[in-house]
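S.K.: This is the content of entry.cif (mmCIF, C-alpha atoms, pLDDT in the B column; chains and numbers go by the auth columns):
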```cif
data_run
loop_
_atom_site.group_PDB
_atom_site.id
_atom_site.type_symbol
_atom_site.label_atom_id
_atom_site.label_comp_id
_atom_site.label_asym_id
_atom_site.label_seq_id
_atom_site.Cartn_x
_atom_site.Cartn_y
_atom_site.Cartn_z
_atom_site.B_iso_or_equiv
_atom_site.auth_seq_id
_atom_site.auth_asym_id
ATOM 1 C CA MET A 1 -0.198 -23.052 15.260 42.00 14 S
ATOM 2 C CA ILE A 2 -0.959 -19.625 13.831 45.00 15 S
ATOM 3 C CA ASN A 3 -4.220 -19.122 12.028 48.00 16 S
ATOM 4 C CA LYS A 4 -3.273 -17.753 8.595 53.00 17 S
ATOM 5 C CA GLU A 5 -6.796 -16.492 7.975 62.00 18 S
ATOM 6 C CA ILE A 6 -7.236 -13.997 10.825 76.00 19 S
ATOM 7 C CA ILE A 7 -7.507 -11.323 8.127 81.00 20 S
ATOM 8 C CA PRO A 8 -7.816 -12.042 4.409 81.00 21 S
ATOM 9 C CA GLU A 9 -4.665 -11.038 2.516 82.00 22 S
ATOM 10 C CA GLU A 10 -6.706 -8.864 0.156 84.00 23 S
ATOM 11 C CA ILE A 11 -7.780 -6.640 3.058 86.00 24 S
ATOM 12 C CA ILE A 12 -4.179 -6.135 4.153 86.00 25 S
ATOM 13 C CA GLN A 13 -3.101 -5.423 0.561 84.00 26 S
ATOM 14 C CA SER A 14 -5.874 -2.840 0.204 85.00 27 S
ATOM 15 C CA LYS A 15 -4.476 -0.945 3.205 87.00 28 S
ATOM 16 C CA ILE A 16 -0.928 -0.696 1.825 87.00 29 S
ATOM 17 C CA MET A 17 -0.154 2.525 -0.038 86.00 30 S
ATOM 18 C CA PHE A 18 2.909 4.327 -1.351 85.00 31 S
ATOM 19 C CA VAL A 19 3.981 7.512 0.407 87.00 32 S
ATOM 20 C CA ARG A 20 7.415 9.114 -0.021 88.00 33 S
ATOM 21 C CA GLY A 21 8.451 6.123 -2.111 85.00 34 S
ATOM 22 C CA LYS A 22 7.729 3.653 0.705 87.00 35 S
ATOM 23 C CA LYS A 23 5.007 1.077 1.238 88.00 36 S
ATOM 24 C CA VAL A 24 3.087 2.149 4.337 90.00 37 S
ATOM 25 C CA ILE A 25 -0.151 1.597 6.247 91.00 38 S
ATOM 26 C CA LEU A 26 -2.139 4.348 8.028 92.00 39 S
ATOM 27 C CA ASP A 27 -2.324 4.234 11.835 91.00 40 S
ATOM 28 C CA LYS A 28 -6.135 4.092 11.637 91.00 41 S
ATOM 29 C CA ASP A 29 -5.959 1.007 9.418 91.00 42 S
ATOM 30 C CA ILE A 30 -3.393 -0.655 11.691 92.00 43 S
ATOM 31 C CA ALA A 31 -5.688 -0.045 14.674 91.00 44 S
ATOM 32 C CA MET A 32 -8.592 -1.591 12.753 90.00 45 S
ATOM 33 C CA LEU A 33 -6.516 -4.674 11.861 89.00 46 S
ATOM 34 C CA TYR A 34 -5.372 -5.085 15.490 89.00 47 S
ATOM 35 C CA GLU A 35 -8.910 -4.430 16.774 89.00 48 S
ATOM 36 C CA VAL A 36 -7.796 -1.596 19.043 89.00 49 S
ATOM 37 C CA LYS A 37 -9.018 1.970 19.143 90.00 50 S
ATOM 38 C CA PRO A 38 -6.804 4.401 17.182 89.00 51 S
ATOM 39 C CA ILE A 39 -6.290 6.502 20.318 90.00 52 S
ATOM 40 C CA VAL A 40 -4.910 3.430 22.150 89.00 53 S
ATOM 41 C CA LEU A 41 -2.467 2.835 19.290 90.00 54 S
ATOM 42 C CA ARG A 42 -1.346 6.493 19.329 90.00 55 S
ATOM 43 C CA GLN A 43 -0.860 6.372 23.122 91.00 56 S
ATOM 44 C CA GLN A 44 1.369 3.304 22.779 91.00 57 S
ATOM 45 C CA ILE A 45 3.307 5.028 20.014 90.00 58 S
ATOM 46 C CA LYS A 46 3.939 8.058 22.236 91.00 59 S
ATOM 47 C CA ARG A 47 5.056 5.829 25.108 92.00 60 S
ATOM 48 C CA ASN A 48 7.465 3.934 22.838 91.00 61 S
ATOM 49 C CA ILE A 49 8.522 6.644 20.394 92.00 62 S
ATOM 50 C CA GLU A 50 12.233 5.709 20.674 92.00 63 S
ATOM 51 C CA ARG A 51 11.412 2.320 19.080 90.00 64 S
ATOM 52 C CA LEU A 52 9.953 3.992 15.989 92.00 65 S
ATOM 53 C CA PRO A 53 12.512 6.129 14.119 93.00 66 S
ATOM 54 C CA ASP A 54 11.537 8.099 11.002 92.00 67 S
ATOM 55 C CA ASP A 55 12.258 5.202 8.646 93.00 68 S
ATOM 56 C CA PHE A 56 9.808 3.007 10.641 93.00 69 S
ATOM 57 C CA MET A 57 7.032 5.575 11.129 94.00 70 S
ATOM 58 C CA PHE A 58 6.319 9.180 10.190 94.00 71 S
ATOM 59 C CA LYS A 59 3.469 11.672 10.197 93.00 72 S
ATOM 60 C CA LEU A 60 1.866 12.671 6.934 92.00 73 S
ATOM 61 C CA ASN A 61 2.094 16.325 5.962 92.00 74 S
ATOM 62 C CA GLU A 62 -0.879 18.389 4.785 90.00 75 S
ATOM 63 C CA ASP A 63 0.025 18.031 1.080 90.00 76 S
ATOM 64 C CA GLU A 64 0.169 14.232 1.383 89.00 77 S
ATOM 65 C CA ILE A 65 -3.223 14.152 3.094 88.00 78 S
ATOM 66 C CA ASP A 66 -4.731 16.420 0.410 86.00 79 S
ATOM 67 C CA THR A 67 -3.295 14.177 -2.309 84.00 80 S
ATOM 68 C CA MET A 68 -4.761 11.069 -0.677 82.00 81 S
ATOM 69 C CA VAL A 69 -8.189 12.685 -0.486 82.00 82 S
ATOM 70 C CA SER A 70 -8.056 14.007 -4.059 81.00 83 S
ATOM 71 C CA GLN A 71 -7.011 10.598 -5.409 77.00 84 S
ATOM 72 C CA ASN A 72 -9.660 8.875 -3.255 71.00 85 S
ATOM 73 C CA VAL A 73 -7.123 6.788 -1.370 74.00 86 S
ATOM 74 C CA ILE A 74 -9.089 7.983 1.659 78.00 87 S
ATOM 75 C CA PRO A 75 -12.674 9.196 1.305 78.00 88 S
ATOM 76 C CA SER A 76 -12.192 12.487 3.176 78.00 89 S
ATOM 77 C CA ARG A 77 -10.129 14.159 5.868 81.00 90 S
ATOM 78 C CA LYS A 78 -12.826 13.095 8.362 82.00 91 S
ATOM 79 C CA TYR A 79 -11.738 9.481 7.767 80.00 92 S
ATOM 80 C CA LEU A 80 -8.527 10.311 9.639 79.00 93 S
ATOM 81 C CA GLY A 81 -10.424 11.126 12.839 77.00 94 S
ATOM 82 C CA GLY A 82 -9.358 14.742 13.236 78.00 95 S
ATOM 83 C CA HIS A 83 -5.617 14.246 13.621 84.00 96 S
ATOM 84 C CA THR A 84 -2.583 14.097 11.392 88.00 97 S
ATOM 85 C CA PRO A 85 -2.023 10.377 10.934 90.00 98 S
ATOM 86 C CA TYR A 86 1.091 8.344 11.384 92.00 99 S
ATOM 87 C CA VAL A 87 2.018 5.836 8.704 93.00 100 S
ATOM 88 C CA PHE A 88 4.094 2.731 9.321 93.00 101 S
ATOM 89 C CA THR A 89 6.648 1.105 7.056 92.00 102 S
ATOM 90 C CA GLU A 90 7.194 -2.639 7.090 89.00 103 S
ATOM 91 C CA GLN A 91 9.859 -2.264 9.792 91.00 104 S
ATOM 92 C CA GLY A 92 7.573 -0.063 11.885 91.00 105 S
ATOM 93 C CA ILE A 93 4.792 -2.621 11.716 89.00 106 S
ATOM 94 C CA ALA A 94 7.235 -5.320 12.839 86.00 107 S
ATOM 95 C CA MET A 95 8.188 -3.146 15.812 87.00 108 S
ATOM 96 C CA LEU A 96 4.521 -2.681 16.757 85.00 109 S
ATOM 97 C CA SER A 97 4.181 -6.350 17.751 77.00 110 S
ATOM 98 C CA GLY A 98 6.475 -5.607 20.690 80.00 111 S
ATOM 99 C CA ILE A 99 4.656 -2.402 21.573 84.00 112 S
ATOM 100 C CA LEU A 100 1.124 -3.808 21.371 81.00 113 S
ATOM 101 C CA ASN A 101 1.642 -6.892 23.432 76.00 114 S
ATOM 102 C CA SER A 102 -1.392 -8.965 22.475 80.00 115 S
ATOM 103 C CA THR A 103 -1.840 -12.299 20.746 82.00 116 S
ATOM 104 C CA ARG A 104 -3.888 -10.657 17.986 83.00 117 S
ATOM 105 C CA ALA A 105 -1.171 -8.041 17.350 82.00 118 S
ATOM 106 C CA ILE A 106 1.416 -10.801 16.969 80.00 119 S
ATOM 107 C CA HIS A 107 -0.738 -12.827 14.554 84.00 120 S
ATOM 108 C CA VAL A 108 -1.782 -9.790 12.525 86.00 121 S
ATOM 109 C CA ASN A 109 1.858 -8.655 12.290 83.00 122 S
ATOM 110 C CA ILE A 110 2.858 -12.045 10.936 84.00 123 S
ATOM 111 C CA GLN A 111 0.161 -11.766 8.259 86.00 124 S
ATOM 112 C CA ILE A 112 1.182 -8.212 7.374 87.00 125 S
ATOM 113 C CA MET A 113 4.850 -9.240 7.085 85.00 126 S
ATOM 114 C CA ARG A 114 3.887 -12.125 4.792 85.00 127 S
ATOM 115 C CA THR A 115 1.842 -9.742 2.654 86.00 128 S
ATOM 116 C CA PHE A 116 4.749 -7.272 2.342 83.00 129 S
ATOM 117 C CA VAL A 117 7.074 -10.134 1.350 84.00 130 S
ATOM 118 C CA LYS A 118 4.579 -11.396 -1.235 83.00 131 S
ATOM 119 C CA LEU A 119 4.226 -7.905 -2.745 80.00 132 S
ATOM 120 C CA ARG A 120 8.013 -7.609 -2.929 79.00 133 S
ATOM 121 C CA GLU A 121 8.228 -11.002 -4.677 80.00 134 S
ATOM 122 C CA ILE A 122 5.545 -10.009 -7.195 78.00 135 S
ATOM 123 C CA MET A 123 7.309 -6.717 -7.967 73.00 136 S
ATOM 124 C CA SER A 124 10.652 -8.502 -8.318 74.00 137 S
ATOM 125 C CA SER A 125 9.155 -11.180 -10.555 73.00 138 S
ATOM 126 C CA ASN A 126 7.661 -8.547 -12.884 72.00 139 S
ATOM 127 C CA SER A 127 11.039 -6.841 -13.120 72.00 140 S
ATOM 128 C CA GLU A 128 12.814 -10.112 -13.956 73.00 141 S
ATOM 129 C CA ILE A 129 10.281 -10.988 -16.652 73.00 142 S
ATOM 130 C CA ARG A 130 10.552 -7.500 -18.157 71.00 143 S
ATOM 131 C CA ASN A 131 14.375 -7.792 -18.294 73.00 144 S
ATOM 132 C CA LYS A 132 14.191 -11.212 -19.998 74.00 145 S
ATOM 133 C CA ILE A 133 11.753 -9.907 -22.603 69.00 146 S
ATOM 134 C CA GLU A 134 13.982 -6.910 -23.361 70.00 147 S
ATOM 135 C CA LYS A 135 16.945 -9.259 -23.816 73.00 148 S
ATOM 136 C CA MET A 136 14.939 -11.471 -26.195 69.00 149 S
ATOM 137 C CA GLU A 137 13.743 -8.406 -28.072 66.00 150 S
ATOM 138 C CA LYS A 138 17.342 -7.378 -28.768 67.00 151 S
ATOM 139 C CA GLU A 139 18.235 -10.904 -29.910 68.00 152 S
ATOM 140 C CA TYR A 140 15.305 -11.499 -32.236 63.00 153 S
ATOM 141 C CA GLY A 141 14.791 -7.982 -33.508 59.00 154 S
ATOM 142 C CA GLU A 142 11.948 -6.995 -35.767 56.00 155 S
ATOM 143 C CA ASN A 143 10.488 -10.485 -36.245 57.00 156 S
ATOM 144 C CA PHE A 144 8.785 -10.408 -32.895 59.00 157 S
ATOM 145 C CA GLN A 145 8.249 -6.677 -32.291 60.00 158 S
ATOM 146 C CA ILE A 146 4.461 -6.965 -32.238 64.00 159 S
ATOM 147 C CA ILE A 147 4.546 -9.816 -29.738 63.00 160 S
ATOM 148 C CA PHE A 148 7.049 -8.019 -27.516 60.00 161 S
ATOM 149 C CA LYS A 149 4.965 -4.837 -27.512 67.00 162 S
ATOM 150 C CA ALA A 150 1.861 -6.792 -26.484 68.00 163 S
ATOM 151 C CA ILE A 151 3.713 -8.586 -23.672 66.00 164 S
ATOM 152 C CA LYS A 152 5.242 -5.335 -22.415 67.00 165 S
ATOM 153 C CA LYS A 153 1.810 -3.741 -22.386 70.00 166 S
ATOM 154 C CA LEU A 154 0.476 -6.609 -20.274 69.00 167 S
ATOM 155 C CA LEU A 155 3.368 -6.269 -17.803 66.00 168 S
ATOM 156 C CA SER A 156 3.162 -2.488 -17.472 65.00 169 S
ATOM 157 C CA GLU A 157 1.384 -0.860 -14.562 57.00 170 S
ATOM 158 C CA PRO A 158 -2.347 -0.446 -15.173 54.00 171 S
ATOM 159 C CA LYS A 159 -3.301 3.061 -16.198 51.00 172 S
ATOM 160 C CA LYS A 160 -6.541 4.777 -15.342 47.00 173 S
ATOM 161 C CA GLU A 161 -8.777 4.876 -18.373 48.00 174 S
ATOM 162 C CA MET A 162 -9.675 8.343 -19.508 44.00 175 S
ATOM 163 C CA LEU A 163 -13.379 8.986 -19.660 44.00 176 S
ATOM 164 C CA PRO A 164 -14.711 10.359 -22.924 46.00 177 S
ATOM 165 C CA SER A 165 -15.470 14.045 -22.842 44.00 178 S
ATOM 166 C CA ALA A 166 -18.784 14.905 -21.247 47.00 179 S
ATOM 167 C CA VAL A 167 -21.778 14.790 -23.536 47.00 180 S
ATOM 168 C CA ARG A 168 -24.598 17.172 -22.776 46.00 181 S
ATOM 169 C CA ILE A 169 -27.912 15.406 -22.406 48.00 182 S
ATOM 170 C CA GLY A 170 -31.259 17.174 -22.673 48.00 183 S
ATOM 171 C CA PHE A 171 -32.660 20.018 -24.739 51.00 184 S
ATOM 172 C CA ASN A 172 -30.247 22.165 -26.685 50.00 185 S
ATOM 173 C CA GLU A 173 -30.983 25.838 -26.615 50.00 186 S
#
```
Since I need it in another form, could you write the structure as structure tokens?
M.R.:
Amino acid sequence: MINKEIIPEEIIQSKIMFVRGKKVILDKDIAMLYEVKPIVLRQQIKRNIERLPDDFMFKLNEDEIDTMVSQNVIPSRKYLGGHTPYVFTEQGIAMLSGILNSTRAIHVNIQIMRTFVKLREIMSSNSEIRNKIEKMEKEYGENFQIIFKAIKKLLSEPKKEMLPSAVRIGFNE
């Protein structure tokens, strides 16, 4: 029996990010989840590169790294350990269980796959609900416009709140 709680789902979800329109996880984060050193993971990648085509794994470019740092997805370039990181798509992570042949890698991969599936279900569910609301909105027209606007706002992606403009504190000269 597989222990479902090797890693809490929230930790896996926090490692998933969008790059080039794909859900991916950084090589450093994968290594942490598998409890292997990042260099060991990169060595295995190099030895098995034919198993990891570009749609399974790719290297980030400098602009993508700068964007991640500026948006605080990663704290700084130092977080990456001095190399240009690989990122893995869902398919690439599935392939890693065969490359990193350990019991932990297998169990962690199962958890990661379940997390990707759950995220896909959540995104699909939101889309279905949004479509149903739009259909109802067309049917019932103006009578329920306020309600429909409120529901749509709740279903929309959260937006970062803008901070009020800076207020100078202290003595005015």
S.K.: So what does the PyMOL selection byres ((chain S and resi 91-107) around 10) actually pick up in this one, as a PyMOL selection string?
M.R.: chain S and resi 29-32+35-43+51-52+55+58+64-75+78+82+87-90+108-112+118-119+121-123+125-126+128-130
S.K.: Go ahead and compute the interatomic distance for CA of Met81 in chain S and CA of Leu132 in chain S, in Å to one decimal.
M.R.: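 We find that CA of Met81 in chain S and CA of Leu132 in chain S lie 21.1 Å from each other.
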S.K.: Mind pulling up the distance from CA of Gln56 in chain S to CA of Ser83 in chain S?
M.R.: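 CA of Gln56 in chain S lies at a distance of 29.1 Å from CA of Ser83 in chain S.
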S.K.: Just to confirm, what's the straight-line distance from CA of Ser27 in chain S to CA of His120 in chain S in Å (one decimal)?
M.R.: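 Going from CA of Ser27 in chain S over to CA of His120 in chain S covers 18.2 Å.
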S.K.: Tell me which of S:Glu48, S:Ile19, S:Leu54, S:Ile25 sits closest to Leu113 in chain S, counting all atoms listed in the file.
M.R.: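 Smallest separation from Leu113 in chain S among the options: S:Leu54.
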S.K.: Saving range 78-119 of chain S with N, CA and C atoms, as a PDB file, in the first residue's frame, what would that file be?
M.R.:
```pdb
ATOM      1  N   ILE S  78      14.010  33.247 -16.209  1.00  0.00           N
ATOM      2  CA  ILE S  78      14.589  33.281 -14.862  1.00  0.00           C
ATOM      3  C   ILE S  78      14.419  34.674 -14.258  1.00  0.00           C
ATOM      4  N   ASP S  79      14.714  35.720 -15.041  1.00  0.00           N
ATOM      5  CA  ASP S  79      14.551  37.092 -14.547  1.00  0.00           C
ATOM      6  C   ASP S  79      13.105  37.373 -14.159  1.00  0.00           C
ATOM      7  N   THR S  80      12.165  36.882 -14.949  1.00  0.00           N
ATOM      8  CA  THR S  80      10.746  37.074 -14.642  1.00  0.00           C
ATOM      9  C   THR S  80      10.378  36.376 -13.343  1.00  0.00           C
ATOM     10  N   MET S  81      10.874  35.166 -13.146  1.00  0.00           N
ATOM     11  CA  MET S  81      10.579  34.428 -11.913  1.00  0.00           C
ATOM     12  C   MET S  81      11.122  35.154 -10.690  1.00  0.00           C
ATOM     13  N   VAL S  82      12.306  35.717 -10.813  1.00  0.00           N
ATOM     14  CA  VAL S  82      12.896  36.451  -9.693  1.00  0.00           C
ATOM     15  C   VAL S  82      12.109  37.737  -9.448  1.00  0.00           C
ATOM     16  N   SER S  83      11.773  38.461 -10.514  1.00  0.00           N
ATOM     17  CA  SER S  83      11.073  39.736 -10.333  1.00  0.00           C
ATOM     18  C   SER S  83       9.663  39.546  -9.792  1.00  0.00           C
ATOM     19  N   GLN S  84       9.041  38.413 -10.079  1.00  0.00           N
ATOM     20  CA  GLN S  84       7.692  38.148  -9.567  1.00  0.00           C
ATOM     21  C   GLN S  84       7.728  37.338  -8.274  1.00  0.00           C
ATOM     22  N   ASN S  85       8.929  37.142  -7.736  1.00  0.00           N
ATOM     23  CA  ASN S  85       9.148  36.415  -6.485  1.00  0.00           C
ATOM     24  C   ASN S  85       8.654  34.974  -6.509  1.00  0.00           C
ATOM     25  N   VAL S  86       8.639  34.359  -7.682  1.00  0.00           N
ATOM     26  CA  VAL S  86       8.355  32.938  -7.763  1.00  0.00           C
ATOM     27  C   VAL S  86       9.532  32.192  -7.137  1.00  0.00           C
ATOM     28  N   ILE S  87      10.742  32.722  -7.395  1.00  0.00           N
ATOM     29  CA  ILE S  87      11.944  32.242  -6.710  1.00  0.00           C
ATOM     30  C   ILE S  87      12.584  33.459  -6.055  1.00  0.00           C
ATOM     31  N   PRO S  88      13.182  33.279  -4.885  1.00  0.00           N
ATOM     32  CA  PRO S  88      13.684  34.438  -4.142  1.00  0.00           C
ATOM     33  C   PRO S  88      14.823  35.188  -4.834  1.00  0.00           C
ATOM     34  N   SER S  89      15.718  34.452  -5.495  1.00  0.00           N
ATOM     35  CA  SER S  89      16.828  35.090  -6.205  1.00  0.00           C
ATOM     36  C   SER S  89      17.444  34.067  -7.139  1.00  0.00           C
ATOM     37  N   ARG S  90      18.341  34.539  -7.985  1.00  0.00           N
ATOM     38  CA  ARG S  90      19.033  33.617  -8.901  1.00  0.00           C
ATOM     39  C   ARG S  90      19.885  32.609  -8.121  1.00  0.00           C
ATOM     40  N   LYS S  91      20.344  32.993  -6.933  1.00  0.00           N
ATOM     41  CA  LYS S  91      21.144  32.084  -6.104  1.00  0.00           C
ATOM     42  C   LYS S  91      20.357  30.829  -5.734  1.00  0.00           C
ATOM     43  N   TYR S  92      19.043  30.959  -5.636  1.00  0.00           N
ATOM     44  CA  TYR S  92      18.168  29.826  -5.300  1.00  0.00           C
ATOM     45  C   TYR S  92      18.353  28.675  -6.292  1.00  0.00           C
ATOM     46  N   LEU S  93      18.733  29.008  -7.517  1.00  0.00           N
ATOM     47  CA  LEU S  93      18.873  28.008  -8.572  1.00  0.00           C
ATOM     48  C   LEU S  93      20.200  27.257  -8.498  1.00  0.00           C
ATOM     49  N   GLY S  94      21.093  27.660  -7.613  1.00  0.00           N
ATOM     50  CA  GLY S  94      22.333  26.927  -7.401  1.00  0.00           C
ATOM     51  C   GLY S  94      23.411  27.166  -8.440  1.00  0.00           C
ATOM     52  N   GLY S  95      23.341  28.272  -9.169  1.00  0.00           N
ATOM     53  CA  GLY S  95      24.404  28.620 -10.087  1.00  0.00           C
ATOM     54  C   GLY S  95      24.322  27.968 -11.457  1.00  0.00           C
ATOM     55  N   HIS S  96      23.211  27.389 -11.799  1.00  0.00           N
ATOM     56  CA  HIS S  96      23.059  26.812 -13.138  1.00  0.00           C
ATOM     57  C   HIS S  96      21.700  27.195 -13.716  1.00  0.00           C
ATOM     58  N   THR S  97      21.577  27.034 -15.009  1.00  0.00           N
ATOM     59  CA  THR S  97      20.294  27.273 -15.655  1.00  0.00           C
ATOM     60  C   THR S  97      19.432  26.034 -15.422  1.00  0.00           C
ATOM     61  N   PRO S  98      18.304  26.207 -14.753  1.00  0.00           N
ATOM     62  CA  PRO S  98      17.541  25.024 -14.343  1.00  0.00           C
ATOM     63  C   PRO S  98      16.729  24.394 -15.474  1.00  0.00           C
ATOM     64  N   TYR S  99      16.512  23.106 -15.294  1.00  0.00           N
ATOM     65  CA  TYR S  99      15.544  22.390 -16.108  1.00  0.00           C
ATOM     66  C   TYR S  99      14.194  22.524 -15.418  1.00  0.00           C
ATOM     67  N   VAL S 100      13.130  22.468 -16.192  1.00  0.00           N
ATOM     68  CA  VAL S 100      11.789  22.342 -15.629  1.00  0.00           C
ATOM     69  C   VAL S 100      11.137  21.127 -16.279  1.00  0.00           C
ATOM     70  N   PHE S 101      10.270  20.473 -15.524  1.00  0.00           N
ATOM     71  CA  PHE S 101       9.639  19.245 -15.975  1.00  0.00           C
ATOM     72  C   PHE S 101       8.135  19.418 -16.080  1.00  0.00           C
ATOM     73  N   THR S 102       7.583  18.977 -17.199  1.00  0.00           N
ATOM     74  CA  THR S 102       6.135  18.941 -17.360  1.00  0.00           C
ATOM     75  C   THR S 102       5.625  17.680 -16.667  1.00  0.00           C
ATOM     76  N   GLU S 103       4.326  17.524 -16.648  1.00  0.00           N
ATOM     77  CA  GLU S 103       3.725  16.340 -16.039  1.00  0.00           C
ATOM     78  C   GLU S 103       4.284  15.049 -16.645  1.00  0.00           C
ATOM     79  N   GLN S 104       4.426  15.027 -17.972  1.00  0.00           N
ATOM     80  CA  GLN S 104       4.948  13.832 -18.639  1.00  0.00           C
ATOM     81  C   GLN S 104       6.415  13.592 -18.268  1.00  0.00           C
ATOM     82  N   GLY S 105       7.178  14.661 -18.144  1.00  0.00           N
ATOM     83  CA  GLY S 105       8.579  14.536 -17.760  1.00  0.00           C
ATOM     84  C   GLY S 105       8.731  13.984 -16.355  1.00  0.00           C
ATOM     85  N   ILE S 106       7.871  14.423 -15.458  1.00  0.00           N
ATOM     86  CA  ILE S 106       7.911  13.924 -14.087  1.00  0.00           C
ATOM     87  C   ILE S 106       7.558  12.438 -14.065  1.00  0.00           C
ATOM     88  N   ALA S 107       6.583  12.038 -14.875  1.00  0.00           N
ATOM     89  CA  ALA S 107       6.239  10.615 -14.966  1.00  0.00           C
ATOM     90  C   ALA S 107       7.436   9.806 -15.454  1.00  0.00           C
ATOM     91  N   MET S 108       8.173  10.327 -16.404  1.00  0.00           N
ATOM     92  CA  MET S 108       9.338   9.632 -16.939  1.00  0.00           C
ATOM     93  C   MET S 108      10.448   9.524 -15.892  1.00  0.00           C
ATOM     94  N   LEU S 109      10.535  10.492 -14.985  1.00  0.00           N
ATOM     95  CA  LEU S 109      11.595  10.472 -13.979  1.00  0.00           C
ATOM     96  C   LEU S 109      11.512   9.258 -13.057  1.00  0.00           C
ATOM     97  N   SER S 110      10.329   8.700 -12.846  1.00  0.00           N
ATOM     98  CA  SER S 110      10.234   7.542 -11.947  1.00  0.00           C
ATOM     99  C   SER S 110      11.015   6.363 -12.494  1.00  0.00           C
ATOM    100  N   GLY S 111      11.167   6.284 -13.815  1.00  0.00           N
ATOM    101  CA  GLY S 111      11.979   5.227 -14.406  1.00  0.00           C
ATOM    102  C   GLY S 111      13.459   5.553 -14.403  1.00  0.00           C
ATOM    103  N   ILE S 112      13.774   6.829 -14.370  1.00  0.00           N
ATOM    104  CA  ILE S 112      15.175   7.262 -14.382  1.00  0.00           C
ATOM    105  C   ILE S 112      15.757   7.200 -12.969  1.00  0.00           C
ATOM    106  N   LEU S 113      15.013   7.721 -12.005  1.00  0.00           N
ATOM    107  CA  LEU S 113      15.440   7.656 -10.605  1.00  0.00           C
ATOM    108  C   LEU S 113      14.774   6.428 -10.000  1.00  0.00           C
ATOM    109  N   ASN S 114      15.478   5.361  -9.986  1.00  0.00           N
ATOM    110  CA  ASN S 114      14.892   4.079  -9.640  1.00  0.00           C
ATOM    111  C   ASN S 114      14.932   3.838  -8.133  1.00  0.00           C
ATOM    112  N   SER S 115      14.115   4.601  -7.399  1.00  0.00           N
ATOM    113  CA  SER S 115      14.038   4.407  -5.954  1.00  0.00           C
ATOM    114  C   SER S 115      12.570   4.348  -5.542  1.00  0.00           C
ATOM    115  N   THR S 116      12.327   3.726  -4.410  1.00  0.00           N
ATOM    116  CA  THR S 116      10.958   3.618  -3.904  1.00  0.00           C
ATOM    117  C   THR S 116      10.383   5.006  -3.651  1.00  0.00           C
ATOM    118  N   ARG S 117      11.173   5.898  -3.086  1.00  0.00           N
ATOM    119  CA  ARG S 117      10.683   7.257  -2.813  1.00  0.00           C
ATOM    120  C   ARG S 117      10.300   7.958  -4.116  1.00  0.00           C
ATOM    121  N   ALA S 118      11.132   7.833  -5.157  1.00  0.00           N
ATOM    122  CA  ALA S 118      10.829   8.486  -6.432  1.00  0.00           C
ATOM    123  C   ALA S 118       9.499   7.981  -6.979  1.00  0.00           C
ATOM    124  N   ILE S 119       9.250   6.696  -6.866  1.00  0.00           N
ATOM    125  CA  ILE S 119       7.988   6.137  -7.360  1.00  0.00           C
ATOM    126  C   ILE S 119       6.813   6.715  -6.583  1.00  0.00           C
TER     127      ILE S 119
END
```
